[in-house]
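Structure first, then comments.
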Amino acid sequence: MSDAVPQPVFRLENVHLFYGHVPVVRDVSLTIGKNQITAFIGPSGCGKSTLLRCLNRLNDLIPSFHLEGRITYYDKNLYDPDIDPVEVRRRIGMVFQKPNPFPKSIYDNVAYGARVMKYKGNLDELVERSLRRVALWDEVKDRLKQSAYSLSGGQQQRLCIARTLAVEPEVVLMDEPCSALDPMATLKIEALMHELKSNYTIVIVTHNMQQAMRVADMTAFFNTEPTPNGGKVGYLVEWDRTQNIFHAPQKQATLDYVRGRFG
Amino acid sequence: MTTTALHPQVTGLLKRPRGRTWIGWLLTGLAALCTGLTLMPLLAVLGFVLVRGMGRVHLALLTQLPPPPGSSGGGLGNALMGTVIVVSLGTVMAVPLGVLTAVYLSEFSHTPGQQAIARWVRLSINGLAGVPAILVGVFVYGLLVATGIFGYSAVAAGVAVAVLMLPIMVRTTEEALKRVPQELRWASVGLGASHYDTVVRVVLPAALPSVVTGVMLAMARAAGDTAALLFTALFSNFWPQGLFEPIATLSVLVYNFAAVPFQPQQELAWAAAFFLVILLLIASVVARLVMHRLPLR
């Protein structure tokens with residue numbers, strides 16, 4: 001398996017996730033390769049979104065959350081005390097499930113990250129470049145000062161991707177980016193992901209198995225199992241090339257899931 | 001007769017003339033009656049103030065001082081100006097303090113230790129909201145007036161009024177901040193913004209309309225209050241002499257003049273009540289206009 005992975009960007013080693021004392025994900029080890037699209041699939045509640053948010057330390061915002069094990073980024077533990085989480089999130093951007101533009105203009109949404117970073121270059125150019133990358137420029141170039149809320153859902157999500165790209169990250173994390181969108185908007189975003197692959201490393205959480213098949217190079221399948229005290233905990237069943245996961249999985253649970261027998 | 005028979009599933013969908021409809025009418029009527037009863041005091045007070053106050057309105061009211069007891073004419077220009085000054089002082093003191101307290105409670109108290117502090121702060125704020133205005137007046141009297149630090153003055157009145165405004169500011173602002181969707185904070189932090197940037201650039205602007213509404217509520221409370229001003233602003237028959245001198249206010253003017261046996265003074269009290277209402281109306285209209293002018297919300 002690991003010979004299929006080019007240069008590893010992330011390495012997860014025996015990662016356990018907890019809310020308070022409750023385990024939500026247990027013992028995940030996997031590697032995420034550079035300039036690849038890695039998909040996390042699995043039934044609801046298996047902790048795949050929580051795991052995704054660990055990759056840019058967004059879970060730090062949840063006071064009760066803690067993590068055991070190691071997540072390394074180019075061989076440096078992201079959770080080492082000398083790591084600045086704010087810098088981590090600049091390098092490792094995130095796109096959320098529901099389009100969440102700021103209540104600001106289209107322009108100000110894209111320029112936000114740059115302004116926060118006190119970007120020295122030409123802001124107009126950066127905004128244009130970022131909007132062109134997500135193929136939104138022609139649709140909005142005449143109304144950059146209008147509210148981002150005037151856009152359709154699909155446009156809003158592309159705006160959110162443009163906003164993330166404007167910070168020039170190395171990795172883009174996507175948490176079910178198409179689940180609130182119609183099929184046409186979904187296809188646009190998937191085409192965009194293929195295009196972004198050459199410059200970025202992408203990790204996507206999705207409920208949609210066709211989507212994982214269409215976009216992902218590697219797929220990790222997560223499942224849940226009951227815990228002794230009546231809860232449930234997520235775990236990694238297997239991860240492999242997407243083709244193998246869907247056509248020749250090693251585990252029965254994966255086979256059942258991709259054939260639609262549960263989940 | 002000639003109509004085609006309805007499918008049994010459909011007959012159940014037809015409106016039934018009796019039973020439920022009858023009770024529905026009754027309850028609707030009851031609800032309308034209660035709404036009317038609730039609105040009545042408001043409308044009665046407003047109507048009474050408008051009718052009684054409007055009769056006395058002319059330009060001299062704004063430009064002249066109250067007449068000596070017994071004589072007619074004159075105006076309440078000094079009280080109008082005094083109310084504006086005192087409420088402005090209170091706003092300048094209470095708004096920054098209240099907004100920053102709310103920002104702490106909503107955005108910066110996440111560790112268990114800080115949450116314990118936040119609980120105590122909230123408890124104190126609720127306590128403060130329950131303190132009668134007269135007590136606030138006596139407190140500021142004891143703190144600033146009797147000690148001679150300021151004496152009877154606009155500043156002392158401003159402090160008293162700020163104490164009344166503070167809990168309203170904290171509560172409305174905290175509510176407004178809590179209503180800002182969590183996704184916006186995540187989006188900002190996910191873009192590499194610090195916690196500070198997130199609060200200043202995203203959360204506060206998103207909450208601004210509700211914060212301004214809170215400011216209006218607090219100002220209305222301050223402008224309408226009399227008890228807190230009795231021992232702090234006192235009253236003055238002259239134009240405001242400065243921030244450290246006793247000052248006339250509309251509410252104290254109403255209190256002083258409503259009970260005197262002279263017709264002109266009583267009419268002036270009605271006019272003052274009228275202006276209080278108009279002042280609050282103008283302030284809330286202006287606030288709304290300003291909010292609509294803001295680029296985006």
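Ligands are numbered from 1 in the order shown, chains are lettered A, B, ... in the order of the structure tokens, and residues start at 1 in each chain.
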Contact residues (chain A, partner chain B, 6 Å, only C-alpha atoms) as a PyMOL selection string: chain A and resi 86+89-90+94+103-104+113
Sel. of alpha helix (DSSP H) residues, range 9-241 of chain A, as a PyMOL selection string: chain A and resi 48-54+85-91+106-116+123-133+137-140+153-165+183-196+209-215
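Atom pair CA of Ala94 in chain B / CA of Ala269 in chain B has a distance of 28.4 Å (rounded to one decimal).
Here the question is which of B:Ala223, B:Leu26, B:Leu76, B:Val49 gets nearest to Leu62 in chain B using only C-alpha atoms, and that residue is B:Leu76.
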Two-atom distance - CA of Val28 in chain A, CA of Leu236 in chain A (Å): 5.7 Å
Close residues, range 159-166 of chain A itself excluded, 8 Å, only C-alpha atoms, min 2 positions apart in chain, as a PyMOL selection string: (chain A and resi 93-95+99-101+106+109-114+126-127+130-131+133-134+136+155-157+168-169+172) or (chain B and resi 191)
Which of range 18-225 of chain A DSSP labels strand (DSSP E), written as a PyMOL selection string: chain A and resi 18-19+22-33+37-41+65-73+76-77+92-95+171-175+201-205+218-225
Quick one: everything within 10 Å of Asn223 in chain A, counting only C-alpha atoms, minus sequence neighbours fewer than 2 positions away in the same chain. Send it as a PDB file with N, CA, C and O atoms, in the first residue's frame.
ATOM      1  N   VAL A  25     -12.798   8.433  18.146  1.00  0.00           N
ATOM      2  CA  VAL A  25     -12.087   7.701  17.107  1.00  0.00           C
ATOM      3  C   VAL A  25     -10.930   6.996  17.785  1.00  0.00           C
ATOM      4  O   VAL A  25     -10.270   7.575  18.647  1.00  0.00           O
ATOM      5  N   ILE A  41     -14.265   8.109   3.767  1.00  0.00           N
ATOM      6  CA  ILE A  41     -15.678   7.740   3.658  1.00  0.00           C
ATOM      7  C   ILE A  41     -16.070   6.896   4.867  1.00  0.00           C
ATOM      8  O   ILE A  41     -15.207   6.382   5.584  1.00  0.00           O
ATOM      9  N   GLY A  42     -17.376   6.752   5.062  1.00  0.00           N
ATOM     10  CA  GLY A  42     -17.858   5.948   6.177  1.00  0.00           C
ATOM     11  C   GLY A  42     -19.188   6.448   6.668  1.00  0.00           C
ATOM     12  O   GLY A  42     -19.616   7.549   6.300  1.00  0.00           O
ATOM     13  N   PRO A  43     -19.890   5.661   7.480  1.00  0.00           N
ATOM     14  CA  PRO A  43     -21.220   6.053   7.949  1.00  0.00           C
ATOM     15  C   PRO A  43     -21.153   7.266   8.873  1.00  0.00           C
ATOM     16  O   PRO A  43     -20.087   7.609   9.379  1.00  0.00           O
ATOM     17  N   SER A  44     -22.299   7.926   9.078  1.00  0.00           N
ATOM     18  CA  SER A  44     -22.358   9.085   9.962  1.00  0.00           C
ATOM     19  C   SER A  44     -21.880   8.703  11.355  1.00  0.00           C
ATOM     20  O   SER A  44     -22.119   7.589  11.815  1.00  0.00           O
ATOM     21  N   GLY A  45     -21.209   9.636  11.997  1.00  0.00           N
ATOM     22  CA  GLY A  45     -20.795   9.415  13.370  1.00  0.00           C
ATOM     23  C   GLY A  45     -19.534   8.596  13.525  1.00  0.00           C
ATOM     24  O   GLY A  45     -19.168   8.220  14.635  1.00  0.00           O
ATOM     25  N   CYS A  46     -18.837   8.314  12.391  1.00  0.00           N
ATOM     26  CA  CYS A  46     -17.623   7.520  12.528  1.00  0.00           C
ATOM     27  C   CYS A  46     -16.408   8.406  12.791  1.00  0.00           C
ATOM     28  O   CYS A  46     -15.296   7.911  12.895  1.00  0.00           O
ATOM     29  N   GLY A  47     -16.624   9.704  12.916  1.00  0.00           N
ATOM     30  CA  GLY A  47     -15.534  10.582  13.344  1.00  0.00           C
ATOM     31  C   GLY A  47     -14.629  11.061  12.223  1.00  0.00           C
ATOM     32  O   GLY A  47     -13.578  11.626  12.484  1.00  0.00           O
ATOM     33  N   LYS A  48     -15.072  10.870  10.963  1.00  0.00           N
ATOM     34  CA  LYS A  48     -14.182  11.263   9.864  1.00  0.00           C
ATOM     35  C   LYS A  48     -14.020  12.779   9.769  1.00  0.00           C
ATOM     36  O   LYS A  48     -12.919  13.260   9.500  1.00  0.00           O
ATOM     37  N   PHE A 221     -11.611   4.048   4.498  1.00  0.00           N
ATOM     38  CA  PHE A 221     -12.962   3.709   4.937  1.00  0.00           C
ATOM     39  C   PHE A 221     -12.999   3.584   6.458  1.00  0.00           C
ATOM     40  O   PHE A 221     -12.239   2.829   7.059  1.00  0.00           O
ATOM     41  N   GLU A 225     -17.914   1.030  15.857  1.00  0.00           N
ATOM     42  CA  GLU A 225     -18.192  -0.192  16.602  1.00  0.00           C
ATOM     43  C   GLU A 225     -18.662   0.220  17.985  1.00  0.00           C
ATOM     44  O   GLU A 225     -18.282   1.279  18.491  1.00  0.00           O
ATOM     45  N   LYS A 232     -20.505   4.587  20.877  1.00  0.00           N
ATOM     46  CA  LYS A 232     -19.841   3.983  19.728  1.00  0.00           C
ATOM     47  C   LYS A 232     -18.597   4.794  19.400  1.00  0.00           C
ATOM     48  O   LYS A 232     -18.509   5.985  19.695  1.00  0.00           O
ATOM     49  N   VAL A 233     -17.646   4.106  18.800  1.00  0.00           N
ATOM     50  CA  VAL A 233     -16.378   4.744  18.511  1.00  0.00           C
ATOM     51  C   VAL A 233     -16.016   4.435  17.057  1.00  0.00           C
ATOM     52  O   VAL A 233     -16.310   3.355  16.539  1.00  0.00           O
ATOM     53  N   GLY A 234     -15.439   5.424  16.378  1.00  0.00           N
ATOM     54  CA  GLY A 234     -15.045   5.244  14.992  1.00  0.00           C
ATOM     55  C   GLY A 234     -13.657   4.641  14.895  1.00  0.00           C
ATOM     56  O   GLY A 234     -12.819   4.843  15.779  1.00  0.00           O
ATOM     57  N   TYR A 235     -13.437   3.868  13.838  1.00  0.00           N
ATOM     58  CA  TYR A 235     -12.092   3.352  13.609  1.00  0.00           C
ATOM     59  C   TYR A 235     -11.854   3.210  12.116  1.00  0.00           C
ATOM     60  O   TYR A 235     -12.800   3.175  11.321  1.00  0.00           O
ATOM     61  N   LEU A 236     -10.594   3.164  11.752  1.00  0.00           N
ATOM     62  CA  LEU A 236     -10.238   3.021  10.348  1.00  0.00           C
ATOM     63  C   LEU A 236     -10.291   1.547   9.986  1.00  0.00           C
ATOM     64  O   LEU A 236      -9.601   0.732  10.600  1.00  0.00           O
ATOM     65  N   VAL A 237     -11.126   1.186   9.016  1.00  0.00           N
ATOM     66  CA  VAL A 237     -11.197  -0.215   8.601  1.00  0.00           C
ATOM     67  C   VAL A 237     -10.027  -0.520   7.675  1.00  0.00           C
ATOM     68  O   VAL A 237      -9.263  -1.446   7.906  1.00  0.00           O
ATOM     69  N   GLU A 238      -9.899   0.265   6.617  1.00  0.00           N
ATOM     70  CA  GLU A 238      -8.746   0.091   5.738  1.00  0.00           C
ATOM     71  C   GLU A 238      -8.593   1.306   4.853  1.00  0.00           C
ATOM     72  O   GLU A 238      -9.517   2.106   4.689  1.00  0.00           O
ATOM     73  N   ALA A 253     -16.289  -5.648   5.926  1.00  0.00           N
ATOM     74  CA  ALA A 253     -17.067  -4.455   6.265  1.00  0.00           C
ATOM     75  C   ALA A 253     -16.998  -3.439   5.141  1.00  0.00           C
ATOM     76  O   ALA A 253     -18.006  -2.799   4.797  1.00  0.00           O
ATOM     77  N   THR A 254     -15.836  -3.300   4.526  1.00  0.00           N
ATOM     78  CA  THR A 254     -15.683  -2.356   3.413  1.00  0.00           C
ATOM     79  C   THR A 254     -16.537  -2.796   2.245  1.00  0.00           C
ATOM     80  O   THR A 254     -17.269  -1.994   1.642  1.00  0.00           O
ATOM     81  N   TYR A 257     -20.108  -2.071   2.843  1.00  0.00           N
ATOM     82  CA  TYR A 257     -20.418  -0.633   2.775  1.00  0.00           C
ATOM     83  C   TYR A 257     -20.457  -0.145   1.335  1.00  0.00           C
ATOM     84  O   TYR A 257     -21.408   0.513   0.923  1.00  0.00           O
ATOM     85  N   GLY A 263     -25.048   1.515   6.253  1.00  0.00           N
ATOM     86  CA  GLY A 263     -24.467   2.847   6.253  1.00  0.00           C
ATOM     87  C   GLY A 263     -25.410   3.842   5.622  1.00  0.00           C
ATOM     88  O   GLY A 263     -26.521   3.543   5.259  1.00  0.00           O
TER      89      GLY A 263
END
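Taking only C-alpha atoms into account, Pro63 in chain A lies nearest to B:Gln115 out of the set B:Leu6, B:Thr147, B:Leu253, B:Gln115.
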Who sits within 12 Å of Pro177 in chain A, only C-alpha atoms, same chain under 5 positions skipped, as a VMD selection string: chain A and resid 39 49 94 to 100 153 to 154 156 to 161 172 182 185 to 190 192 to 193 202 to 208 211
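Of the residues listed (B:Leu14, B:Leu135, B:Leu243, B:Cys34), B:Leu243 shows the shortest atom-to-atom separation from Phe150 in chain B; distances use only C-alpha atoms.
Straight-line separation from CA of Ala287 in chain B to CA of Val84 in chain B: 15.6 Å.
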Contact residues around His194 in chain A with only C-alpha atoms at 10 Å, ignoring same-chain residues under 3 positions, as an MDAnalysis selection string: chainID A and resid 36:37 189:191 197:198 202 214:216
Shell of 9 Å around Asp60 in chain A, only C-alpha atoms, local chain residues under 6 positions omitted, as a VMD selection string: chain A and resid 54 66 85
